[in-house]
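Text of run-v2.cif (mmCIF, C-alpha atoms) as supplied:
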```
data_upload
#
loop_
_atom_site.group_PDB
_atom_site.id
_atom_site.type_symbol
_atom_site.label_atom_id
_atom_site.label_comp_id
_atom_site.auth_asym_id
_atom_site.auth_seq_id
_atom_site.Cartn_x
_atom_site.Cartn_y
_atom_site.Cartn_z
ATOM 1 C CA MET C 1 121.395 97.585 92.175
ATOM 2 C CA SER C 2 118.915 99.764 94.078
ATOM 3 C CA LEU C 3 115.683 98.000 94.879
ATOM 4 C CA LYS C 4 112.271 99.305 93.910
ATOM 5 C CA PHE C 5 108.814 98.283 95.082
ATOM 6 C CA LYS C 6 106.645 99.814 92.347
ATOM 7 C CA HIS C 7 105.495 96.524 90.814
ATOM 8 C CA ALA C 8 104.602 93.409 92.808
ATOM 9 C CA LEU C 9 103.758 89.954 91.553
ATOM 10 C CA VAL C 10 101.113 88.554 93.900
ATOM 11 C CA ALA C 11 100.991 84.747 94.122
ATOM 12 C CA LEU C 12 97.380 83.617 94.542
ATOM 13 C CA ASP C 13 96.073 80.039 94.752
ATOM 14 C CA GLN C 14 92.349 80.921 94.481
ATOM 15 C CA SER C 15 91.760 79.880 98.106
ATOM 16 C CA GLU C 16 90.418 81.748 101.126
ATOM 17 C CA ALA C 17 93.976 83.018 101.622
ATOM 18 C CA SER C 18 93.785 84.797 98.275
ATOM 19 C CA GLU C 19 90.802 86.831 99.460
ATOM 20 C CA ILE C 20 92.719 88.008 102.515
ATOM 21 C CA ILE C 21 95.806 88.865 100.455
ATOM 22 C CA VAL C 22 93.856 90.888 97.908
ATOM 23 C CA ASP C 23 92.006 92.773 100.660
ATOM 24 C CA SER C 24 95.398 93.842 102.059
ATOM 25 C CA LEU C 25 96.959 95.034 98.805
ATOM 26 C CA ALA C 26 95.684 98.630 98.971
ATOM 27 C CA SER C 27 98.004 99.125 101.953
ATOM 28 C CA PHE C 28 101.046 98.520 99.746
ATOM 29 C CA LYS C 29 100.744 102.107 98.495
ATOM 30 C CA LYS C 30 102.880 102.861 101.547
ATOM 31 C CA PHE C 31 105.629 100.806 99.901
ATOM 32 C CA GLY C 32 105.369 102.907 96.765
ATOM 33 C CA THR C 33 103.629 100.111 94.862
ATOM 34 C CA GLU C 34 101.708 101.223 91.778
ATOM 35 C CA LYS C 35 101.186 97.979 89.861
ATOM 36 C CA PHE C 36 100.221 94.380 90.646
ATOM 37 C CA THR C 37 100.496 91.259 88.548
ATOM 38 C CA LEU C 38 97.975 88.802 90.016
ATOM 39 C CA PHE C 39 99.296 85.327 89.262
ATOM 40 C CA THR C 40 97.937 81.814 89.645
ATOM 41 C CA SER C 41 99.936 78.722 88.727
ATOM 42 C CA ALA C 42 97.552 75.985 87.550
ATOM 43 C CA ASN C 43 99.344 72.672 87.946
ATOM 44 C CA VAL C 44 97.906 70.096 85.558
ATOM 45 C CA PRO C 45 98.783 66.456 86.405
ATOM 46 C CA TYR C 46 98.228 65.230 82.841
ATOM 47 C CA PRO C 47 96.981 66.570 79.481
ATOM 48 C CA GLY C 48 93.340 67.547 79.892
ATOM 49 C CA GLY C 49 93.588 67.321 83.687
ATOM 50 C CA LEU C 50 92.149 70.832 84.105
ATOM 51 C CA ASP C 51 88.981 71.454 82.162
ATOM 52 C CA SER C 52 88.272 74.750 80.423
ATOM 53 C CA THR C 53 85.516 75.681 82.885
ATOM 54 C CA GLU C 54 87.832 75.444 85.887
ATOM 55 C CA LEU C 55 90.508 77.438 84.092
ATOM 56 C CA GLU C 56 87.967 80.086 83.163
ATOM 57 C CA ASN C 57 86.838 80.251 86.792
ATOM 58 C CA TYR C 58 90.433 80.975 87.807
ATOM 59 C CA ARG C 59 90.655 83.802 85.283
ATOM 60 C CA HIS C 60 87.246 85.173 86.293
ATOM 61 C CA LYS C 61 88.222 85.384 89.958
ATOM 62 C CA LEU C 62 91.442 87.221 89.091
ATOM 63 C CA ASP C 63 89.414 89.649 86.978
ATOM 64 C CA ILE C 64 87.188 90.378 89.998
ATOM 65 C CA TYR C 65 90.294 91.086 92.091
ATOM 66 C CA LYS C 66 91.635 93.272 89.281
ATOM 67 C CA LEU C 67 88.501 95.418 89.192
ATOM 68 C CA HIS C 68 88.627 95.886 92.955
ATOM 69 C CA LEU C 69 92.261 97.030 92.873
ATOM 70 C CA GLU C 70 91.785 99.293 89.860
ATOM 71 C CA THR C 71 89.143 101.229 91.808
ATOM 72 C CA ASN C 72 91.926 101.884 94.347
ATOM 73 C CA GLY C 73 94.118 103.429 91.657
ATOM 74 C CA PHE C 74 96.438 100.512 90.857
ATOM 75 C CA ASP C 75 97.537 99.270 87.455
ATOM 76 C CA VAL C 76 96.669 95.549 87.423
ATOM 77 C CA VAL C 77 97.579 92.641 85.134
ATOM 78 C CA THR C 78 96.313 89.071 85.619
ATOM 79 C CA GLU C 79 97.782 85.760 84.507
ATOM 80 C CA VAL C 80 96.839 82.106 84.960
ATOM 81 C CA ARG C 81 99.723 79.916 83.824
ATOM 82 C CA GLU C 82 98.624 76.378 82.996
ATOM 83 C CA LYS C 83 101.380 73.773 82.821
ATOM 84 C CA ILE C 84 101.642 70.006 83.116
ATOM 85 C CA ASN C 85 103.451 68.923 86.298
ATOM 86 C CA SER C 86 104.565 72.472 87.024
ATOM 87 C CA TYR C 87 106.565 73.328 90.134
ATOM 88 C CA THR C 88 104.776 76.270 91.717
ATOM 89 C CA PRO C 89 107.774 78.083 93.306
ATOM 90 C CA VAL C 90 109.618 78.058 89.973
ATOM 91 C CA GLU C 91 106.508 79.179 88.093
ATOM 92 C CA ILE C 92 106.026 82.091 90.515
ATOM 93 C CA LEU C 93 109.631 83.219 90.157
ATOM 94 C CA ASN C 94 109.589 82.823 86.366
ATOM 95 C CA ALA C 95 106.346 84.780 86.147
ATOM 96 C CA ALA C 96 107.815 87.554 88.299
ATOM 97 C CA HIS C 97 110.809 87.848 85.979
ATOM 98 C CA ASP C 98 108.633 87.690 82.851
ATOM 99 C CA ALA C 99 106.452 90.489 84.243
ATOM 100 C CA GLU C 100 109.534 92.474 85.302
ATOM 101 C CA ALA C 101 108.148 92.702 88.834
ATOM 102 C CA ASP C 102 110.245 94.349 91.534
ATOM 103 C CA TYR C 103 109.165 91.994 94.309
ATOM 104 C CA ILE C 104 106.820 89.132 95.202
ATOM 105 C CA ILE C 105 103.943 89.004 97.695
ATOM 106 C CA ILE C 106 102.903 85.598 99.044
ATOM 107 C CA ALA C 107 101.197 84.174 102.162
ATOM 108 C CA ASN C 108 102.421 81.464 104.514
ATOM 109 C CA ARG C 109 99.177 79.510 104.182
ATOM 110 C CA GLY C 110 97.190 78.682 101.115
ATOM 111 C CA HIS C 111 94.972 76.097 99.481
ATOM 112 C CA ASN C 112 95.038 73.712 102.443
ATOM 113 C CA LYS C 113 94.474 76.241 105.211
ATOM 114 C CA LEU C 114 95.211 73.716 107.963
ATOM 115 C CA LYS C 115 98.823 73.383 106.825
ATOM 116 C CA GLU C 116 101.569 75.958 106.519
ATOM 117 C CA LEU C 117 103.026 76.633 103.098
ATOM 118 C CA LEU C 118 106.461 76.431 104.664
ATOM 119 C CA LEU C 119 109.094 73.792 105.407
ATOM 120 C CA GLY C 120 109.607 72.333 101.965
ATOM 121 C CA SER C 121 106.521 73.930 100.457
ATOM 122 C CA THR C 122 105.773 76.873 98.180
ATOM 123 C CA ALA C 123 106.886 79.823 100.314
ATOM 124 C CA THR C 124 110.087 78.218 101.589
ATOM 125 C CA GLU C 125 111.101 76.867 98.213
ATOM 126 C CA LEU C 126 110.438 80.256 96.648
ATOM 127 C CA LEU C 127 112.577 82.008 99.256
ATOM 128 C CA GLN C 128 115.444 79.581 98.731
ATOM 129 C CA ARG C 129 115.463 80.226 94.998
ATOM 130 C CA CYS C 130 114.388 83.848 94.828
ATOM 131 C CA ASP C 131 116.607 86.679 93.642
ATOM 132 C CA LEU C 132 113.838 89.212 94.294
ATOM 133 C CA PRO C 133 112.567 90.625 97.592
ATOM 134 C CA VAL C 134 109.674 88.626 99.036
ATOM 135 C CA PHE C 135 106.976 90.039 101.311
ATOM 136 C CA LEU C 136 105.445 87.223 103.336
ATOM 137 C CA ILE C 137 101.956 87.881 104.720
ATOM 138 C CA LYS C 138 101.402 85.876 107.900
ATOM 139 C CA LEU C 139 98.044 84.129 108.205
ATOM 140 C CA ASP C 140 96.774 81.902 110.977
ATOM 141 C CA VAL C 141 93.769 79.659 111.565
ATOM 142 C CA SER C 142 91.058 80.529 114.078
ATOM 143 C CA ASP C 143 90.747 78.122 116.995
ATOM 144 C CA GLN C 144 87.444 76.378 116.383
ATOM 145 C CA SER C 145 86.378 72.975 117.686
ATOM 146 C CA GLU C 146 85.293 71.761 114.275
ATOM 147 C CA MET C 147 87.951 71.604 111.555
ATOM 148 C CA SER C 148 85.421 72.652 108.914
ATOM 149 C CA ASP C 149 84.589 75.836 110.864
ATOM 150 C CA ARG C 150 88.156 77.107 111.066
ATOM 151 C CA LYS C 151 88.822 80.408 109.317
ATOM 152 C CA LEU C 152 91.993 82.072 108.112
ATOM 153 C CA TYR C 153 92.851 85.542 109.340
ATOM 154 C CA GLY C 154 95.715 87.993 108.970
ATOM 155 C CA MET C 155 97.875 88.057 112.095
ATOM 156 C CA ILE C 156 98.892 91.696 111.560
ATOM 157 C CA SER C 157 97.126 94.283 109.412
ATOM 158 C CA ILE C 158 99.328 95.289 106.483
ATOM 159 C CA GLN C 159 98.036 98.830 107.033
ATOM 160 C CA LYS C 160 99.880 98.810 110.364
ATOM 161 C CA SER C 161 102.904 96.792 109.226
ATOM 162 C CA GLN C 162 105.232 99.795 109.102
ATOM 163 C CA ASP C 163 104.309 101.098 112.558
ATOM 164 C CA ARG C 164 107.169 99.314 114.334
ATOM 165 C CA ILE C 165 109.803 97.750 112.089
ATOM 166 C CA LEU C 166 112.402 95.326 113.389
ATOM 167 C CA PHE C 167 115.660 95.161 111.461
ATOM 168 C CA PRO C 168 117.982 92.304 112.518
ATOM 169 C CA THR C 169 121.473 92.741 111.091
ATOM 170 C CA ASP C 170 124.674 90.708 111.081
ATOM 171 C CA PHE C 171 126.513 93.508 109.204
ATOM 172 C CA SER C 172 126.881 91.336 106.105
ATOM 173 C CA THR C 173 126.627 92.785 102.591
ATOM 174 C CA THR C 174 123.100 91.346 102.340
ATOM 175 C CA SER C 175 122.124 93.049 105.597
ATOM 176 C CA ASP C 176 123.548 96.278 104.192
ATOM 177 C CA ARG C 177 121.310 95.833 101.144
ATOM 178 C CA ALA C 178 118.306 95.203 103.394
ATOM 179 C CA PHE C 179 119.183 98.364 105.320
ATOM 180 C CA GLU C 180 118.822 100.416 102.132
ATOM 181 C CA THR C 181 115.288 99.044 101.848
ATOM 182 C CA LEU C 182 114.675 99.880 105.497
ATOM 183 C CA LYS C 183 115.624 103.503 104.806
ATOM 184 C CA MET C 184 112.976 103.589 102.069
ATOM 185 C CA LEU C 185 110.296 102.302 104.470
ATOM 186 C CA ALA C 186 111.316 104.140 107.626
ATOM 187 C CA GLY C 187 109.627 107.372 106.577
ATOM 188 C CA ASN C 188 106.255 105.777 107.352
ATOM 189 C CA ALA C 189 107.397 104.138 110.596
ATOM 190 C CA LYS C 190 106.714 105.259 114.134
ATOM 191 C CA ASN C 191 109.453 103.068 115.630
ATOM 192 C CA VAL C 192 112.428 101.191 114.207
ATOM 193 C CA ASP C 193 114.422 98.683 116.245
ATOM 194 C CA ILE C 194 117.871 97.702 114.976
ATOM 195 C CA LEU C 195 118.988 94.411 116.497
ATOM 196 C CA HIS C 196 122.298 92.568 116.381
ATOM 197 C CA VAL C 197 122.692 89.133 117.946
ATOM 198 C CA GLN C 198 126.087 87.928 119.097
ATOM 199 C CA ALA C 199 125.194 84.513 117.785
ATOM 200 C CA THR C 200 126.016 81.151 119.259
ATOM 201 C CA GLY C 201 128.753 79.568 117.174
ATOM 202 C CA ARG C 202 130.534 82.780 116.267
ATOM 203 C CA PRO C 203 134.292 82.213 116.647
ATOM 204 C CA GLY C 204 135.503 83.861 119.846
ATOM 205 C CA MET C 205 132.196 83.845 121.733
ATOM 206 C CA ASN C 206 133.757 81.698 124.470
ATOM 207 C CA ASP C 207 136.407 84.340 125.135
ATOM 208 C CA PRO C 208 135.124 87.213 127.341
ATOM 209 C CA LYS C 209 137.734 89.614 125.947
ATOM 210 C CA ARG C 210 136.706 88.850 122.368
ATOM 211 C CA VAL C 211 133.026 89.279 123.287
ATOM 212 C CA GLU C 212 133.837 92.659 124.825
ATOM 213 C CA GLU C 213 135.606 93.618 121.606
ATOM 214 C CA PHE C 214 132.664 92.404 119.519
ATOM 215 C CA ASP C 215 130.265 94.434 121.655
ATOM 216 C CA ARG C 216 132.304 97.618 121.346
ATOM 217 C CA THR C 217 132.715 97.322 117.565
ATOM 218 C CA ASP C 218 129.143 96.215 116.863
ATOM 219 C CA THR C 219 127.590 98.872 119.102
ATOM 220 C CA GLU C 220 129.438 101.523 117.115
ATOM 221 C CA ARG C 221 128.123 99.978 113.884
ATOM 222 C CA LEU C 222 124.574 100.041 115.254
ATOM 223 C CA LYS C 223 124.936 103.703 116.225
ATOM 224 C CA GLU C 224 126.102 104.511 112.688
ATOM 225 C CA LEU C 225 123.028 102.786 111.249
ATOM 226 C CA LYS C 226 120.816 104.687 113.673
ATOM 227 C CA ALA C 227 122.366 108.002 112.574
ATOM 228 C CA GLU C 228 121.721 107.143 108.914
ATOM 229 C CA LEU C 229 118.070 106.403 109.652
ATOM 230 C CA GLU C 230 117.650 109.615 111.630
ATOM 231 C CA ASP C 231 118.593 111.520 108.470
ATOM 232 C CA VAL C 232 115.638 110.069 106.548
ATOM 233 C CA SER C 233 113.011 109.344 109.199
ATOM 234 C CA ASP C 234 111.335 110.940 112.201
ATOM 235 C CA ALA C 235 110.722 107.513 113.725
ATOM 236 C CA GLU C 236 111.933 106.697 117.212
ATOM 237 C CA ILE C 237 114.965 104.483 116.620
ATOM 238 C CA SER C 238 116.520 102.070 119.104
ATOM 239 C CA VAL C 239 119.577 99.820 118.881
ATOM 240 C CA LYS C 240 120.044 96.591 120.815
ATOM 241 C CA VAL C 241 122.634 93.824 121.172
ATOM 242 C CA ARG C 242 121.497 90.382 122.355
ATOM 243 C CA TYR C 243 123.273 87.067 122.906
ATOM 244 C CA GLY C 244 122.512 83.448 122.048
ATOM 245 C CA SER C 245 120.607 81.813 119.237
ATOM 246 C CA ALA C 246 119.917 84.365 116.508
ATOM 247 C CA ILE C 247 116.550 82.765 115.728
ATOM 248 C CA THR C 248 115.357 82.755 119.340
ATOM 249 C CA GLN C 249 116.583 86.263 120.077
ATOM 250 C CA ILE C 250 115.020 87.810 116.973
ATOM 251 C CA ILE C 251 111.633 86.178 117.620
ATOM 252 C CA ASP C 252 111.685 86.976 121.349
ATOM 253 C CA PHE C 253 112.643 90.586 120.714
ATOM 254 C CA ALA C 254 109.940 91.022 118.046
ATOM 255 C CA GLU C 255 107.311 89.760 120.479
ATOM 256 C CA SER C 256 108.627 91.778 123.420
ATOM 257 C CA VAL C 257 108.347 95.124 121.614
ATOM 258 C CA ASP C 258 105.241 94.253 119.526
ATOM 259 C CA SER C 259 107.001 94.563 116.175
ATOM 260 C CA THR C 260 104.628 94.916 113.219
ATOM 261 C CA MET C 261 107.083 93.867 110.497
ATOM 262 C CA ILE C 262 110.559 92.363 110.162
ATOM 263 C CA VAL C 263 112.920 93.460 107.377
ATOM 264 C CA MET C 264 115.996 91.283 106.937
ATOM 265 C CA GLY C 265 118.436 89.795 104.462
ATOM 266 C CA SER C 266 117.710 86.307 103.226
ATOM 267 C CA GLN C 267 121.278 85.216 103.904
ATOM 268 C CA GLY C 268 124.185 86.570 105.880
ATOM 269 C CA ARG C 269 127.600 85.770 107.272
ATOM 270 C CA GLY C 270 126.590 82.457 108.780
ATOM 271 C CA TYR C 271 128.250 80.642 111.660
ATOM 272 C CA VAL C 272 128.567 77.007 112.620
ATOM 273 C CA SER C 273 125.218 76.712 114.383
ATOM 274 C CA ASP C 274 123.326 79.674 112.911
ATOM 275 C CA LEU C 275 123.406 79.813 109.124
ATOM 276 C CA PHE C 276 121.242 82.471 107.502
ATOM 277 C CA LEU C 277 120.439 80.729 104.228
ATOM 278 C CA GLY C 278 118.282 77.757 105.210
ATOM 279 C CA GLY C 279 118.689 78.761 108.848
ATOM 280 C CA VAL C 280 118.042 82.058 110.597
ATOM 281 C CA SER C 281 115.993 83.885 107.981
ATOM 282 C CA HIS C 282 113.843 80.876 107.124
ATOM 283 C CA GLN C 283 113.241 80.004 110.769
ATOM 284 C CA VAL C 284 112.339 83.620 111.538
ATOM 285 C CA ILE C 285 109.884 83.533 108.625
ATOM 286 C CA ARG C 286 108.408 80.307 109.961
ATOM 287 C CA LYS C 287 108.068 81.419 113.588
ATOM 288 C CA ALA C 288 107.355 85.161 113.346
ATOM 289 C CA LYS C 289 103.813 86.342 113.938
ATOM 290 C CA VAL C 290 104.280 89.441 111.793
ATOM 291 C CA PRO C 291 104.934 90.016 108.078
ATOM 292 C CA VAL C 292 108.521 89.500 106.966
ATOM 293 C CA LEU C 293 110.183 91.276 104.052
ATOM 294 C CA THR C 294 113.286 89.386 102.913
ATOM 295 C CA ILE C 295 115.955 90.995 100.766
ATOM 296 C CA PRO C 296 118.137 88.609 98.726
ATOM 297 C CA ALA C 297 121.889 88.717 98.347
ATOM 298 C CA ILE C 298 123.088 90.670 95.350
ATOM 299 C CA ARG C 299 123.800 88.422 92.378
ATOM 300 C CA PHE C 300 126.900 88.645 90.227
ATOM 301 C CA ASP C 301 124.809 89.622 87.193
ATOM 302 C CA ASP C 302 123.101 92.488 89.065
ATOM 303 C CA THR C 303 124.099 95.901 87.777
ATOM 304 C CA ASP C 304 123.932 99.379 89.259
#
```
Go through the file and emit its structure as structure tokens.
Amino acid sequence: MSLKFKHALVALDQSEASEIIVDSLASFKKFGTEKFTLFTSANVPYPGGLDSTELENYRHKLDIYKLHLETNGFDVVTEVREKINSYTPVEILNAAHDAEADYIIIANRGHNKLKELLLGSTATELLQRCDLPVFLIKLDVSDQSEMSDRKLYGMISIQKSQDRILFPTDFSTTSDRAFETLKMLAGNAKNVDILHVQATGRPGMNDPKRVEEFDRTDTERLKELKAELEDVSDAEISVKVRYGSAITQIIDFAESVDSTMIVMGSQGRGYVSDLFLGGVSHQVIRKAKVPVLTIPAIRFDDTD
């Protein structure tokens, strides 16, 4: 199934993070996005636990965001889903399917800005369950002496996110699917870096002859990917092979070349010490300082 990015469900928790996310959404025109569903999951601990005034405030804030985005030419729908003891990651995914969204936009920090929404929280749980692409906006907290004075800020402007795209690949079918997305985005890029890591734990990595064989085969694969991109983009394209921990090498490379976005599959081949699902992709998402677009594995019920 070919992926589209015309309609995004945007997960908002009505916090300071939501303001930053909404301010960045106009830049998603570069992704071909035409429509947003602005969604808030209102978790109610018990019947009557959320009064009508608070619920109306949620809806009012989404309506303000809607008006702002409509002036930028987007089609916008809003929804506040109230549910007793709801599980936010599931509610976000269900809402995305109900709205027939193509992908989901979420931030790594939210209602409690001093904590990351990762490692067992909303963003990570969503990524583990999600069968849709997820664009993760990376936010950080300003370094202020007083906790109450700390402010959230976007680590990389979404407007510049396609300037230098990093594409880590393990040549799995999911990486191939992510590469098709990369080809869609590369037309707006100035630079694209295609990276393959000869990962620790891969069978044969202790044998120099096998490593030499891996390098020869994988370099040819990288050159083929580069040639495909050159057919659809004027970006400067580089290919690179690195060695060691996939997580460390991807993060180090992204920082060394000042990547502005990472596009990668949410699971891959997996080795003993570096498993993509629950491993490489989630650790890259956690540690990267730039937005990450994850592309899920194709499901058996997906159709062409």
Taking the file above as input, evaluate the PyMOL selection byres ((chain C and resi 291) around 8) and report the hits as a PDB file with C-alpha atoms, in the frame of the given file.
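Printed below is result-v3.pdb as written:
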```pdb
ATOM      1  CA  PHE C 135     106.976  90.039 101.311  1.00  0.00           C
ATOM      2  CA  LEU C 136     105.445  87.223 103.336  1.00  0.00           C
ATOM      3  CA  ILE C 137     101.956  87.881 104.720  1.00  0.00           C
ATOM      4  CA  LYS C 138     101.402  85.876 107.900  1.00  0.00           C
ATOM      5  CA  ILE C 156      98.892  91.696 111.560  1.00  0.00           C
ATOM      6  CA  ILE C 158      99.328  95.289 106.483  1.00  0.00           C
ATOM      7  CA  SER C 161     102.904  96.792 109.226  1.00  0.00           C
ATOM      8  CA  THR C 260     104.628  94.916 113.219  1.00  0.00           C
ATOM      9  CA  MET C 261     107.083  93.867 110.497  1.00  0.00           C
ATOM     10  CA  ILE C 262     110.559  92.363 110.162  1.00  0.00           C
ATOM     11  CA  ALA C 288     107.355  85.161 113.346  1.00  0.00           C
ATOM     12  CA  LYS C 289     103.813  86.342 113.938  1.00  0.00           C
ATOM     13  CA  VAL C 290     104.280  89.441 111.793  1.00  0.00           C
ATOM     14  CA  VAL C 292     108.521  89.500 106.966  1.00  0.00           C
ATOM     15  CA  LEU C 293     110.183  91.276 104.052  1.00  0.00           C
TER      16      LEU C 293
END
```
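Across the model, the gap from atom CA of C:Val141 to atom CA of C:Ser266 is 26.2 Å.
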Task: Protein/DNA/RNA residues near (130.0, 94.9, 119.3), cut 12 Å, all atoms listed in the file, as JSON, numbers by chain - done: {"C": [170, 171, 195, 196, 197, 198, 199, 205, 209, 210, 211, 212, 213, 214, 215, 216, 217, 218, 219, 220, 221, 222, 223, 239, 240, 241, 242, 243]}
What does the file look like for those residues with C-alpha atoms, as an mmCIF file, in the frame of the given file?
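Final output, saved to out-v9.cif:
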```cif
data_model
loop_
_atom_site.group_PDB
_atom_site.id
_atom_site.type_symbol
_atom_site.label_atom_id
_atom_site.label_comp_id
_atom_site.auth_asym_id
_atom_site.auth_seq_id
_atom_site.Cartn_x
_atom_site.Cartn_y
_atom_site.Cartn_z
ATOM 1 C CA ASP C 170 124.674 90.708 111.081
ATOM 2 C CA PHE C 171 126.513 93.508 109.204
ATOM 3 C CA LEU C 195 118.988 94.411 116.497
ATOM 4 C CA HIS C 196 122.298 92.568 116.381
ATOM 5 C CA VAL C 197 122.692 89.133 117.946
ATOM 6 C CA GLN C 198 126.087 87.928 119.097
ATOM 7 C CA ALA C 199 125.194 84.513 117.785
ATOM 8 C CA MET C 205 132.196 83.845 121.733
ATOM 9 C CA LYS C 209 137.734 89.614 125.947
ATOM 10 C CA ARG C 210 136.706 88.850 122.368
ATOM 11 C CA VAL C 211 133.026 89.279 123.287
ATOM 12 C CA GLU C 212 133.837 92.659 124.825
ATOM 13 C CA GLU C 213 135.606 93.618 121.606
ATOM 14 C CA PHE C 214 132.664 92.404 119.519
ATOM 15 C CA ASP C 215 130.265 94.434 121.655
ATOM 16 C CA ARG C 216 132.304 97.618 121.346
ATOM 17 C CA THR C 217 132.715 97.322 117.565
ATOM 18 C CA ASP C 218 129.143 96.215 116.863
ATOM 19 C CA THR C 219 127.590 98.872 119.102
ATOM 20 C CA GLU C 220 129.438 101.523 117.115
ATOM 21 C CA ARG C 221 128.123 99.978 113.884
ATOM 22 C CA LEU C 222 124.574 100.041 115.254
ATOM 23 C CA LYS C 223 124.936 103.703 116.225
ATOM 24 C CA VAL C 239 119.577 99.820 118.881
ATOM 25 C CA LYS C 240 120.044 96.591 120.815
ATOM 26 C CA VAL C 241 122.634 93.824 121.172
ATOM 27 C CA ARG C 242 121.497 90.382 122.355
ATOM 28 C CA TYR C 243 123.273 87.067 122.906
#
```
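Nearest residue to C:Thr169 among C:Ile194, C:Thr78, C:Val90, C:Leu38 is C:Ile194, counting all atoms listed in the file.
Put simply, the PyMOL selection byres ((chain C and resi 251-258) around 7) in this file takes in Leu166, Ile247, Thr248, Gln249, Ile250, Ser259, Thr260, Val284 and Ala288 of chain C.
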Task: Residues near stretch 92-101 of chain C, cut-off 6 Å, all atoms listed in the file, skip fewer than 5 positions along chain, as a PyMOL selection string - done: chain C and resi 7-9
Please dump the current selection as a CSV table (one decimal), keeping the file's coordinate frame; keep C-alpha atoms.
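Generated output (part-v9.csv):
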```csv
chain,number,residue,atom,x,y,z
C,7,HIS,CA,105.5,96.5,90.8
C,8,ALA,CA,104.6,93.4,92.8
C,9,LEU,CA,103.8,90.0,91.6
```
Task: Separation of atom CA of C:Thr71 from atom CA of C:Phe31 in Å - done: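 Interatomic distance, atom CA of C:Phe31 to atom CA of C:Thr71: 18.4 Å.
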Task: Minimum-distance residue to C:Ser52, chosen among C:Glu236, C:Lys35, C:Glu82, C:Leu69 (using all atoms listed in the file) - done: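 Of C:Glu236, C:Lys35, C:Glu82, C:Leu69, the one nearest C:Ser52, counting all atoms listed in the file, is C:Glu82.
Applied to the file shown here, the PyMOL selection byres ((chain C and resi 173) around 10) selects the residues Thr169, Asp170, Phe171, Ser172, Thr174, Ser175, Asp176, Arg177, Ala178, Phe179, Gly265, Gln267, Gly268, Arg269, Ala297 and Ile298 of chain C.
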- [ ] Choose the residue, out of C:Thr40, C:Gln162, C:Gln283, C:Thr124, that has the smallest atom-to-atom separation from C:Lys61; count all atoms listed in the file.
- [x]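 The closest residue to C:Lys61 is C:Thr40.
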Open item on the list: Between atom CA of C:Leu127 and atom CA of C:Thr294, what distance in Å does the model show, to one decimal?
Closed with: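 Atom-to-atom, atom CA of C:Leu127 to atom CA of C:Thr294, that is 8.3 Å.
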Open item on the list: Counting only C-alpha atoms, which residue out of C:Gly204, C:Val134, C:Asp193, C:Glu224 sits closest to C:Ser281?
Closed with: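 Checking each of C:Gly204, C:Val134, C:Asp193, C:Glu224 against C:Ser281, counting only C-alpha atoms, the winner is C:Val134.
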Just need the box for stretch 26-40 of chain C, edges along x, y and z, holding every atom the file lists for it with 3 Å tacked onto each side, so centre and edge lengths in Å to one decimal, as JSON.
```
{"center_x": 100.7, "center_y": 92.4, "center_z": 95.3, "size_x": 15.9, "size_y": 27.1, "size_z": 19.4}
```
Residues near C:Ala26, cut-off 10 Å, all atoms listed in the file, skip fewer than 5 positions along chain, as a PDB file with C-alpha atoms, keeping the file's coordinate frame:
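The result, written out as around06.pdb:
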```
ATOM      1  CA  ILE C  21      95.806  88.865 100.455  1.00  0.00           C
ATOM      2  CA  THR C  33     103.629 100.111  94.862  1.00  0.00           C
ATOM      3  CA  GLU C  34     101.708 101.223  91.778  1.00  0.00           C
ATOM      4  CA  HIS C  68      88.627  95.886  92.955  1.00  0.00           C
ATOM      5  CA  LEU C  69      92.261  97.030  92.873  1.00  0.00           C
ATOM      6  CA  GLU C  70      91.785  99.293  89.860  1.00  0.00           C
ATOM      7  CA  ASN C  72      91.926 101.884  94.347  1.00  0.00           C
ATOM      8  CA  GLY C  73      94.118 103.429  91.657  1.00  0.00           C
ATOM      9  CA  PHE C  74      96.438 100.512  90.857  1.00  0.00           C
ATOM     10  CA  ILE C 158      99.328  95.289 106.483  1.00  0.00           C
ATOM     11  CA  GLN C 159      98.036  98.830 107.033  1.00  0.00           C
TER      12      GLN C 159
END
```
